>>> print(open('entry.txt').read())   # compact mmCIF, C-alpha atoms
# COMPACT_ATOMS: atom_id res chain seq x y z
CA MET A 1 0.00 0.00 0.00
CA ILE A 2 2.82 2.42 0.91
CA GLU A 3 6.46 2.13 -0.16
CA ILE A 4 9.17 4.57 0.93
CA LYS A 5 12.56 4.40 -0.76
CA ASP A 6 15.74 6.17 0.40
CA LEU A 7 13.77 9.18 1.66
CA SER A 8 15.87 12.15 2.81
CA LYS A 9 14.79 15.58 4.03
CA SER A 10 16.56 18.49 5.72
CA LEU A 11 14.71 21.24 7.57
CA GLY A 12 16.38 24.34 8.99
CA GLY A 13 19.78 22.99 8.07
CA ARG A 14 19.24 19.74 9.99
CA ARG A 15 18.95 16.34 8.32
CA VAL A 16 15.64 14.98 9.64
CA LEU A 17 15.19 11.97 7.36
CA ASN A 18 18.30 10.25 6.08
CA GLY A 19 17.79 7.52 3.50
CA LEU A 20 14.68 6.09 5.17
CA ASN A 21 13.18 2.88 3.78
CA LEU A 22 9.83 1.40 4.83
CA ASN A 23 7.12 -0.79 3.26
CA ILE A 24 3.60 -0.90 4.69
CA GLU A 25 1.34 -3.70 3.50
CA LYS A 26 -2.35 -3.27 2.76
CA GLY A 27 -4.70 -3.75 5.70
CA ILE A 28 -2.18 -3.64 8.55
CA THR A 29 -1.61 -1.14 11.33
CA CYS A 30 2.00 0.03 11.29
CA VAL A 31 3.18 1.96 14.34
CA ILE A 32 6.16 4.28 13.94
CA ILE A 33 7.93 4.98 17.23
CA GLY A 34 10.76 7.32 18.15
CA ARG A 35 11.68 10.26 20.35
CA SER A 36 9.95 13.61 20.06
CA GLY A 37 11.43 15.60 17.19
CA CYS A 38 12.94 12.59 15.43
CA GLY A 39 10.95 13.11 12.22
CA LYS A 40 7.85 10.96 12.65
CA SER A 41 5.41 13.73 11.71
CA VAL A 42 7.73 14.83 8.89
CA LEU A 43 7.44 11.32 7.47
CA LEU A 44 3.61 11.52 7.55
CA LYS A 45 3.73 14.85 5.72
CA HIS A 46 5.72 13.24 2.91
CA ILE A 47 3.17 10.44 2.61
CA VAL A 48 0.31 12.92 2.11
CA GLY A 49 2.42 15.15 -0.12
CA ILE A 50 2.57 18.22 2.15
CA LEU A 51 6.37 18.07 2.05
CA LYS A 52 8.55 17.12 -0.90
CA PRO A 53 11.69 15.05 -0.36
CA ASP A 54 15.20 16.30 -1.00
CA SER A 55 15.80 12.86 -2.45
CA GLY A 56 14.11 9.48 -2.48
CA GLN A 57 10.59 8.38 -3.35
CA VAL A 58 7.22 7.84 -1.67
CA PHE A 59 4.68 5.56 -3.37
CA VAL A 60 1.04 5.28 -2.25
CA LYS A 61 -0.94 2.61 -4.09
CA SER A 62 1.88 2.46 -6.65
CA GLU A 63 1.64 6.20 -7.39
CA GLU A 64 4.75 8.29 -6.75
CA VAL A 65 3.43 11.13 -4.60
CA ASN A 66 6.06 13.68 -5.60
CA ARG A 67 5.28 13.31 -9.32
CA LEU A 68 1.53 13.98 -9.05
CA ASN A 69 0.03 17.27 -10.19
CA ASP A 70 -2.32 19.18 -7.89
CA ARG A 71 -5.48 17.48 -9.17
CA GLN A 72 -3.96 14.00 -8.93
CA LEU A 73 -2.63 14.75 -5.46
CA ASN A 74 -6.05 15.92 -4.26
CA MET A 75 -7.60 12.72 -5.61
CA LEU A 76 -5.01 10.63 -3.77
CA ARG A 77 -5.56 12.56 -0.54
CA LEU A 78 -9.26 11.68 -0.69
CA LYS A 79 -8.13 8.10 -0.10
CA MET A 80 -6.22 9.12 3.05
CA GLY A 81 -7.64 10.38 6.33
CA MET A 82 -5.38 12.33 8.72
CA VAL A 83 -5.92 12.52 12.48
CA PHE A 84 -3.81 15.39 13.80
CA GLN A 85 -2.14 15.45 17.21
CA GLY A 86 -4.22 18.30 18.64
CA GLY A 87 -7.37 17.51 16.70
CA ALA A 88 -6.89 20.58 14.44
CA LEU A 89 -10.60 21.44 14.52
CA PHE A 90 -11.86 24.77 13.21
CA ASP A 91 -13.00 26.71 16.28
CA SER A 92 -15.59 28.74 14.36
CA MET A 93 -17.32 25.66 12.91
CA THR A 94 -19.70 23.23 14.55
CA VAL A 95 -18.71 19.61 15.04
CA ALA A 96 -20.81 18.63 12.01
CA GLU A 97 -19.20 21.29 9.83
CA ASN A 98 -15.75 20.13 10.93
CA VAL A 99 -16.52 16.48 10.20
CA GLY A 100 -17.98 17.18 6.78
CA PHE A 101 -15.40 19.76 5.73
CA GLY A 102 -13.48 17.49 3.35
CA LEU A 103 -16.61 16.40 1.55
CA ILE A 104 -17.97 19.93 1.27
CA GLU A 105 -14.75 20.88 -0.52
CA HIS A 106 -14.32 17.86 -2.76
CA ASP A 107 -17.55 15.88 -3.14
CA HIS A 108 -20.97 16.43 -4.67
CA LEU A 109 -23.26 14.78 -2.14
CA THR A 110 -26.72 16.22 -1.63
CA HIS A 111 -27.22 18.10 1.64
CA LYS A 112 -29.29 15.22 2.99
CA ASP A 113 -26.67 12.60 2.08
CA LEU A 114 -23.92 14.78 3.52
CA LEU A 115 -25.72 15.07 6.87
CA ARG A 116 -26.24 11.31 6.90
CA ARG A 117 -22.55 10.70 6.16
CA ILE A 118 -21.53 13.09 8.96
CA GLU A 119 -23.82 11.43 11.49
CA ASP A 120 -22.65 7.95 10.42
CA SER A 121 -19.03 9.05 10.94
CA LEU A 122 -19.78 10.46 14.39
CA CYS A 123 -21.61 7.25 15.26
CA LEU A 124 -18.52 5.22 14.30
CA VAL A 125 -16.48 7.07 16.93
CA GLY A 126 -19.20 6.92 19.60
CA LEU A 127 -20.32 10.56 19.38
CA SER A 128 -23.74 10.34 17.77
CA GLY A 129 -25.93 13.42 18.14
CA ILE A 130 -23.27 16.07 18.95
CA GLY A 131 -23.10 17.70 15.52
CA ASN A 132 -24.44 21.05 16.74
CA LEU A 133 -21.81 21.49 19.47
CA MET A 134 -18.79 23.76 19.07
CA PRO A 135 -15.22 22.48 19.60
CA SER A 136 -14.93 24.64 22.73
CA GLU A 137 -17.66 22.52 24.31
CA LEU A 138 -15.71 19.27 23.87
CA SER A 139 -13.21 17.51 26.11
CA GLY A 140 -9.74 16.66 24.79
CA GLY A 141 -10.74 13.07 24.16
CA MET A 142 -13.89 14.12 22.29
CA LYS A 143 -11.86 16.46 20.07
CA LYS A 144 -9.62 13.53 19.12
CA ARG A 145 -12.70 11.47 18.25
CA VAL A 146 -14.20 14.28 16.16
CA SER A 147 -10.89 14.57 14.32
CA LEU A 148 -11.10 10.85 13.62
CA ALA A 149 -14.72 11.18 12.47
CA ARG A 150 -13.58 13.87 10.01
CA ALA A 151 -10.95 11.49 8.66
CA LEU A 152 -13.53 8.70 8.33
CA CYS A 153 -16.09 10.90 6.61
CA ILE A 154 -14.25 10.69 3.28
CA ARG A 155 -14.28 6.87 3.55
CA PRO A 156 -10.48 6.54 3.31
CA GLU A 157 -8.44 3.47 2.47
CA ILE A 158 -5.56 4.75 4.65
CA ILE A 159 -5.73 6.51 8.02
CA LEU A 160 -2.71 8.38 9.43
CA TYR A 161 -2.67 9.05 13.19
CA ASP A 162 -0.23 11.65 14.55
CA GLU A 163 0.27 11.02 18.30
CA PRO A 164 -3.38 10.00 18.89
CA THR A 165 -3.01 9.47 22.68
CA THR A 166 -0.89 12.53 23.50
CA GLY A 167 -2.44 14.96 25.98
CA VAL A 168 -5.20 12.72 27.33
CA ASP A 169 -5.49 10.69 30.53
CA PRO A 170 -4.68 6.94 30.51
CA ILE A 171 -8.33 5.85 30.45
CA THR A 172 -9.14 8.11 27.49
CA ALA A 173 -5.92 6.97 25.80
CA ASP A 174 -6.98 3.35 26.10
CA SER A 175 -10.43 4.13 24.71
CA ILE A 176 -8.74 5.75 21.70
CA ASN A 177 -6.56 2.67 21.25
CA GLU A 178 -9.67 0.47 21.37
CA LEU A 179 -11.32 2.70 18.77
CA ILE A 180 -8.31 2.49 16.43
CA MET A 181 -8.44 -1.30 16.65
CA GLU A 182 -12.21 -1.45 16.21
CA LEU A 183 -12.16 0.78 13.13
CA HIS A 184 -9.27 -1.18 11.64
CA ASP A 185 -11.21 -4.44 12.00
CA LYS A 186 -14.55 -2.98 10.87
CA LEU A 187 -13.40 -0.87 7.93
CA LYS A 188 -10.36 -2.93 6.82
CA VAL A 189 -8.23 0.20 6.43
CA THR A 190 -4.46 0.48 6.34
CA SER A 191 -3.33 2.53 9.34
CA ILE A 192 -0.12 4.34 10.27
CA VAL A 193 0.15 5.39 13.90
CA VAL A 194 2.94 7.75 14.95
CA THR A 195 3.57 7.65 18.70
CA HIS A 196 6.09 7.45 21.51
CA ASP A 197 3.48 5.79 23.76
CA MET A 198 4.64 2.18 23.95
CA THR A 199 1.44 0.99 25.64
CA SER A 200 -0.46 2.23 22.60
CA ALA A 201 2.14 0.88 20.16
CA TYR A 202 1.97 -2.66 21.57
CA LYS A 203 -1.82 -2.64 21.67
CA VAL A 204 -2.73 -1.36 18.21
CA GLY A 205 0.26 -2.33 16.07
CA ASP A 206 0.56 -5.29 13.72
CA ARG A 207 4.04 -4.00 12.90
CA ILE A 208 6.25 -1.54 14.76
CA ALA A 209 9.11 0.43 13.17
CA MET A 210 11.55 2.62 15.12
CA LEU A 211 12.82 5.86 13.60
CA TYR A 212 16.23 7.01 14.84
CA HIS A 213 18.69 9.46 13.28
CA GLY A 214 16.50 9.70 10.19
CA ARG A 215 16.30 5.97 9.46
CA ILE A 216 14.24 2.93 10.40
CA ILE A 217 16.63 0.99 12.63
CA ALA A 218 14.28 -1.85 13.66
CA GLU A 219 11.02 -3.28 12.38
CA GLY A 220 8.88 -6.24 13.36
CA THR A 221 5.87 -7.45 15.28
CA PRO A 222 5.29 -6.08 18.79
CA GLN A 223 6.78 -9.32 20.10
CA ASP A 224 9.88 -8.90 17.91
CA ILE A 225 10.40 -5.36 19.19
CA GLN A 226 9.98 -6.39 22.83
CA LYS A 227 12.64 -9.09 22.39
CA THR A 228 15.10 -6.81 20.58
CA ASP A 229 18.84 -7.00 21.18
CA ASN A 230 19.31 -3.52 19.65
CA PRO A 231 20.50 -1.33 22.57
CA VAL A 232 18.94 1.84 21.14
CA VAL A 233 15.53 0.20 20.73
CA HIS A 234 15.84 -1.46 24.14
CA GLN A 235 16.49 1.86 25.85
CA PHE A 236 13.60 3.60 24.11
CA ILE A 237 10.88 0.97 24.58
CA ASN A 238 11.77 0.56 28.25
CA GLY A 239 12.03 4.29 28.93
CA LEU A 240 15.52 4.05 30.42
CA ALA A 241 17.39 7.23 31.34
CA LYS A 242 20.77 5.68 30.58
CA GLY A 243 21.77 4.13 27.28
CA PRO A 244 23.13 4.89 23.81
CA ILE A 245 20.42 7.45 22.98
CA THR A 246 21.18 9.73 25.92
CA GLU A 247 24.92 9.06 25.69
CA THR A 248 24.80 10.42 22.11
CA VAL A 249 22.88 13.49 23.24
CA GLU A 250 25.41 14.19 26.04
CA HIS A 251 28.29 13.75 23.59
CA LEU A 252 26.75 16.29 21.20
CA LYS A 253 26.54 18.84 24.04
>>> encode(input="entry.txt", output="structure tokens")
Amino acid sequence: MIEIKDLSKSLGGRRVLNGLNLNIEKGITCVIIGRSGCGKSVLLKHIVGILKPDSGQVFVKSEEVNRLNDRQLNMLRLKMGMVFQGGALFDSMTVAENVGFGLIEHDHLTHKDLLRRIEDSLCLVGLSGIGNLMPSELSGGMKKRVSLARALCIRPEIILYDEPTTGVDPITADSINELIMELHDKLKVTSIVVTHDMTSAYKVGDRIAMLYHGRIIAEGTPQDIQKTDNPVVHQFINGLAKGPITETVEHLK
């Protein structure tokens, strides 16, 4: 479904992605882990075509993203739903207007069919009947669910989650994890989840890949990752203060 070949990108004079390679098969949930600022969100932005690589290639459904014109890119994006870290809801719009925004811009549904699609999407995330509320009336967890409903409203084949459990309490985080799994099983979508929350990674992931110094340094099932003999991966997944990651940081100081 998604193939990334030798992807490199520098931002602000710093090499963020450095020859990254990753294949994501259709229908699986791939979790990308790594420290804050390591380039996980930058990788997602290349997949949806917001950023262009300095070198390398990104293929989605066999189409090279960087070679698509604006119309082709918009058509491809309609196959991908994005759930942003903070929800990224429009404060001046109702929940229903937020959820249906992508279809209002790019589809030709009748008003009645659009309202039905919006309510169906809210129902999928357990928020039926809240379309008239404003984002300011929602809790953090509800905002995340509305963001997911917006992604689902276009009926995507791929869903990208950027830190879906950041900023919520553990109970809400687990409910979001359960929802990711439920939607994956019900809708048969391909999912990419970017996170540094290992509880979430182990629960939702079919495959886990670790991003470090701009490259994928380990990839496998959750069980493979837990049994790793890679000292960098071992330090990260166990949340250890001492190890090669922090030793490198101290050396750079």
>>> closest_atom_pairs(input="entry.txt", of="region 146-236 of chain A", to="region 3-19 of chain A", cutoff="12 Å", atoms="all atoms listed in the file", output="Markdown table")
| residue | atom | partner | partner_atom | distance |
| --- | --- | --- | --- | --- |
| A:Leu211 | CA | A:Leu17 | CA | 9.0 |
| A:Tyr212 | CA | A:Leu17 | CA | 9.0 |
| A:His213 | CA | A:Asn18 | CA | 7.3 |
| A:Gly214 | CA | A:Leu17 | CA | 3.9 |
| A:Arg215 | CA | A:Asn18 | CA | 5.8 |
| A:Ile216 | CA | A:Gly19 | CA | 9.0 |
| A:Ile217 | CA | A:Gly19 | CA | 11.3 |
>>> closest_residue(input="entry.txt", among="A:Thr94, A:Thr228, A:Ser55, A:Asn177", to="Gly205 (chain A)", atoms="only C-alpha atoms")
A:Asn177
>>> atom_distance(input="entry.txt", atom1="CA of Lys144 (chain A)", atom2="CA of Ile24 (chain A)")
24.3 Å
>>> closest_residue(input="entry.txt", among="A:Leu103, A:Val31, A:Leu114, A:Leu76", to="Ile47 (chain A)", atoms="all atoms listed in the file")
A:Leu76
>>> residues_around(input="entry.txt", residues="region 187-195 of chain A", least_positions_apart="6", cutoff="7 Å", atoms="only C-alpha atoms", output="compact mmCIF listing (two decimals) with C-alpha atoms, in the coordinates of the input")
# COMPACT_ATOMS: atom_id res chain seq x y z
CA LYS A 26 -2.35 -3.27 2.76
CA GLY A 27 -4.70 -3.75 5.70
CA ILE A 28 -2.18 -3.64 8.55
CA THR A 29 -1.61 -1.14 11.33
CA CYS A 30 2.00 0.03 11.29
CA VAL A 31 3.18 1.96 14.34
CA ILE A 32 6.16 4.28 13.94
CA ILE A 33 7.93 4.98 17.23
CA LYS A 40 7.85 10.96 12.65
CA GLU A 157 -8.44 3.47 2.47
CA ILE A 158 -5.56 4.75 4.65
CA ILE A 159 -5.73 6.51 8.02
CA LEU A 160 -2.71 8.38 9.43
CA TYR A 161 -2.67 9.05 13.19
CA ASP A 162 -0.23 11.65 14.55
CA GLU A 163 0.27 11.02 18.30
>>> axis_aligned_box(input="entry.txt", around="region 12-17 of chain A", padding_each_side="5 Å", output="JSON")
{"center_x": 17.5, "center_y": 18.2, "center_z": 8.7, "size_x": 14.6, "size_y": 22.4, "size_z": 12.6}
>>> residues_around(input="entry.txt", residues="region 126-129 of chain A", least_positions_apart="6", cutoff="9 Å", atoms="all atoms listed in the file", output="PDB file with C-alpha atoms, keeping the file's coordinate frame")
ATOM      1  CA  GLU A 119     -23.820  11.430  11.490  1.00  0.00           C
ATOM      2  CA  ASP A 120     -22.650   7.950  10.420  1.00  0.00           C
ATOM      3  CA  MET A 142     -13.890  14.120  22.290  1.00  0.00           C
ATOM      4  CA  ARG A 145     -12.700  11.470  18.250  1.00  0.00           C
ATOM      5  CA  VAL A 146     -14.200  14.280  16.160  1.00  0.00           C
ATOM      6  CA  ALA A 149     -14.720  11.180  12.470  1.00  0.00           C
ATOM      7  CA  LEU A 179     -11.320   2.700  18.770  1.00  0.00           C
TER       8      LEU A 179
END
>>> residues_near_point(input="entry.txt", point="(-8.5, 14.0, 12.7)", cutoff="8 Å", atoms="all atoms listed in the file", output="number ranges by chain")
A: 81-85, 87-89, 144-151, 161
>>> write_last_selection(input="entry.txt", atoms="C-alpha atoms", output="PDB file, in the coordinates of the input")
ATOM      1  CA  GLY A  81      -7.640  10.380   6.330  1.00  0.00           C
ATOM      2  CA  MET A  82      -5.380  12.330   8.720  1.00  0.00           C
ATOM      3  CA  VAL A  83      -5.920  12.520  12.480  1.00  0.00           C
ATOM      4  CA  PHE A  84      -3.810  15.390  13.800  1.00  0.00           C
ATOM      5  CA  GLN A  85      -2.140  15.450  17.210  1.00  0.00           C
ATOM      6  CA  GLY A  87      -7.370  17.510  16.700  1.00  0.00           C
ATOM      7  CA  ALA A  88      -6.890  20.580  14.440  1.00  0.00           C
ATOM      8  CA  LEU A  89     -10.600  21.440  14.520  1.00  0.00           C
ATOM      9  CA  LYS A 144      -9.620  13.530  19.120  1.00  0.00           C
ATOM     10  CA  ARG A 145     -12.700  11.470  18.250  1.00  0.00           C
ATOM     11  CA  VAL A 146     -14.200  14.280  16.160  1.00  0.00           C
ATOM     12  CA  SER A 147     -10.890  14.570  14.320  1.00  0.00           C
ATOM     13  CA  LEU A 148     -11.100  10.850  13.620  1.00  0.00           C
ATOM     14  CA  ALA A 149     -14.720  11.180  12.470  1.00  0.00           C
ATOM     15  CA  ARG A 150     -13.580  13.870  10.010  1.00  0.00           C
ATOM     16  CA  ALA A 151     -10.950  11.490   8.660  1.00  0.00           C
ATOM     17  CA  TYR A 161      -2.670   9.050  13.190  1.00  0.00           C
TER      18      TYR A 161
END
>>> closest_residue(input="entry.txt", among="A:Val48, A:Asn238, A:Pro53, A:Glu219", to="Met75 (chain A)", atoms="all atoms listed in the file")
A:Val48
>>> atom_distance(input="entry.txt", atom1="CA of Cys153 (chain A)", atom2="CA of Ile118 (chain A)")
6.3 Å
>>> closest_residue(input="entry.txt", among="A:Thr246, A:Ser121, A:Gln57, A:Ser92", to="Leu183 (chain A)", atoms="only C-alpha atoms")
A:Ser121
>>> atom_distance(input="entry.txt", atom1="CA of Arg207 (chain A)", atom2="CA of Pro222 (chain A)")
6.4 Å
>>> closest_residue(input="entry.txt", among="A:Thr165, A:Asn74, A:Lys203, A:Ala209", to="Asn21 (chain A)", atoms="all atoms listed in the file")
A:Ala209
>>> residues_around(input="entry.txt", residues="Ile237 (chain A)", least_positions_apart="4", cutoff="9 Å", atoms="only C-alpha atoms", output="list of chain:residue names")
A:Ile33, A:His196, A:Asp197, A:Met198, A:Ile225, A:Gln226, A:Val232, A:Val233
>>> residues_around(input="entry.txt", residues="Ile2 (chain A)", least_positions_apart="5", cutoff="9 Å", atoms="only C-alpha atoms", output="list in words")
Leu22, Asn23, Ile24, Glu25, Lys26, Ile47, Val58, Phe59, Val60, Lys61 and Ser62 of chain A
>>> closest_residue(input="entry.txt", among="A:Gly34, A:Glu64, A:Ala96, A:Ser200", to="Pro135 (chain A)", atoms="only C-alpha atoms")
A:Ala96
>>> build_atoms(input="entry.txt", residues="region 194-210 of chain A", atoms="N, CA and C atoms", output="compact mmCIF listing (two decimals), keeping the file's coordinate frame")
# COMPACT_ATOMS: atom_id res chain seq x y z
N VAL A 194 1.70 7.17 14.46
CA VAL A 194 2.94 7.75 14.95
C VAL A 194 2.79 8.00 16.44
N THR A 195 3.71 7.49 17.25
CA THR A 195 3.57 7.65 18.70
C THR A 195 4.89 7.39 19.41
N HIS A 196 5.01 7.90 20.63
CA HIS A 196 6.09 7.45 21.51
C HIS A 196 5.50 6.79 22.75
N ASP A 197 4.20 6.48 22.70
CA ASP A 197 3.48 5.79 23.76
C ASP A 197 3.56 4.29 23.50
N MET A 198 4.43 3.59 24.23
CA MET A 198 4.64 2.18 23.95
C MET A 198 3.44 1.32 24.32
N THR A 199 2.66 1.73 25.32
CA THR A 199 1.44 0.99 25.64
C THR A 199 0.52 0.97 24.43
N SER A 200 0.36 2.12 23.80
CA SER A 200 -0.46 2.23 22.60
C SER A 200 0.15 1.43 21.45
N ALA A 201 1.46 1.56 21.27
CA ALA A 201 2.14 0.88 20.16
C ALA A 201 1.94 -0.64 20.23
N TYR A 202 2.12 -1.22 21.42
CA TYR A 202 1.97 -2.66 21.57
C TYR A 202 0.52 -3.10 21.35
N LYS A 203 -0.41 -2.25 21.74
CA LYS A 203 -1.82 -2.64 21.67
C LYS A 203 -2.37 -2.60 20.26
N VAL A 204 -2.07 -1.54 19.50
CA VAL A 204 -2.73 -1.36 18.21
C VAL A 204 -1.90 -1.88 17.04
N GLY A 205 -0.60 -2.06 17.21
CA GLY A 205 0.26 -2.33 16.07
C GLY A 205 0.31 -3.78 15.62
N ASP A 206 0.20 -3.99 14.32
CA ASP A 206 0.56 -5.29 13.72
C ASP A 206 2.06 -5.33 13.49
N ARG A 207 2.61 -4.17 13.10
CA ARG A 207 4.04 -4.00 12.90
C ARG A 207 4.47 -2.73 13.61
N ILE A 208 5.68 -2.73 14.13
CA ILE A 208 6.25 -1.54 14.76
C ILE A 208 7.60 -1.26 14.10
N ALA A 209 7.83 0.01 13.76
CA ALA A 209 9.11 0.43 13.17
C ALA A 209 9.65 1.58 13.99
N MET A 210 10.95 1.54 14.33
CA MET A 210 11.55 2.62 15.12
C MET A 210 12.38 3.53 14.24
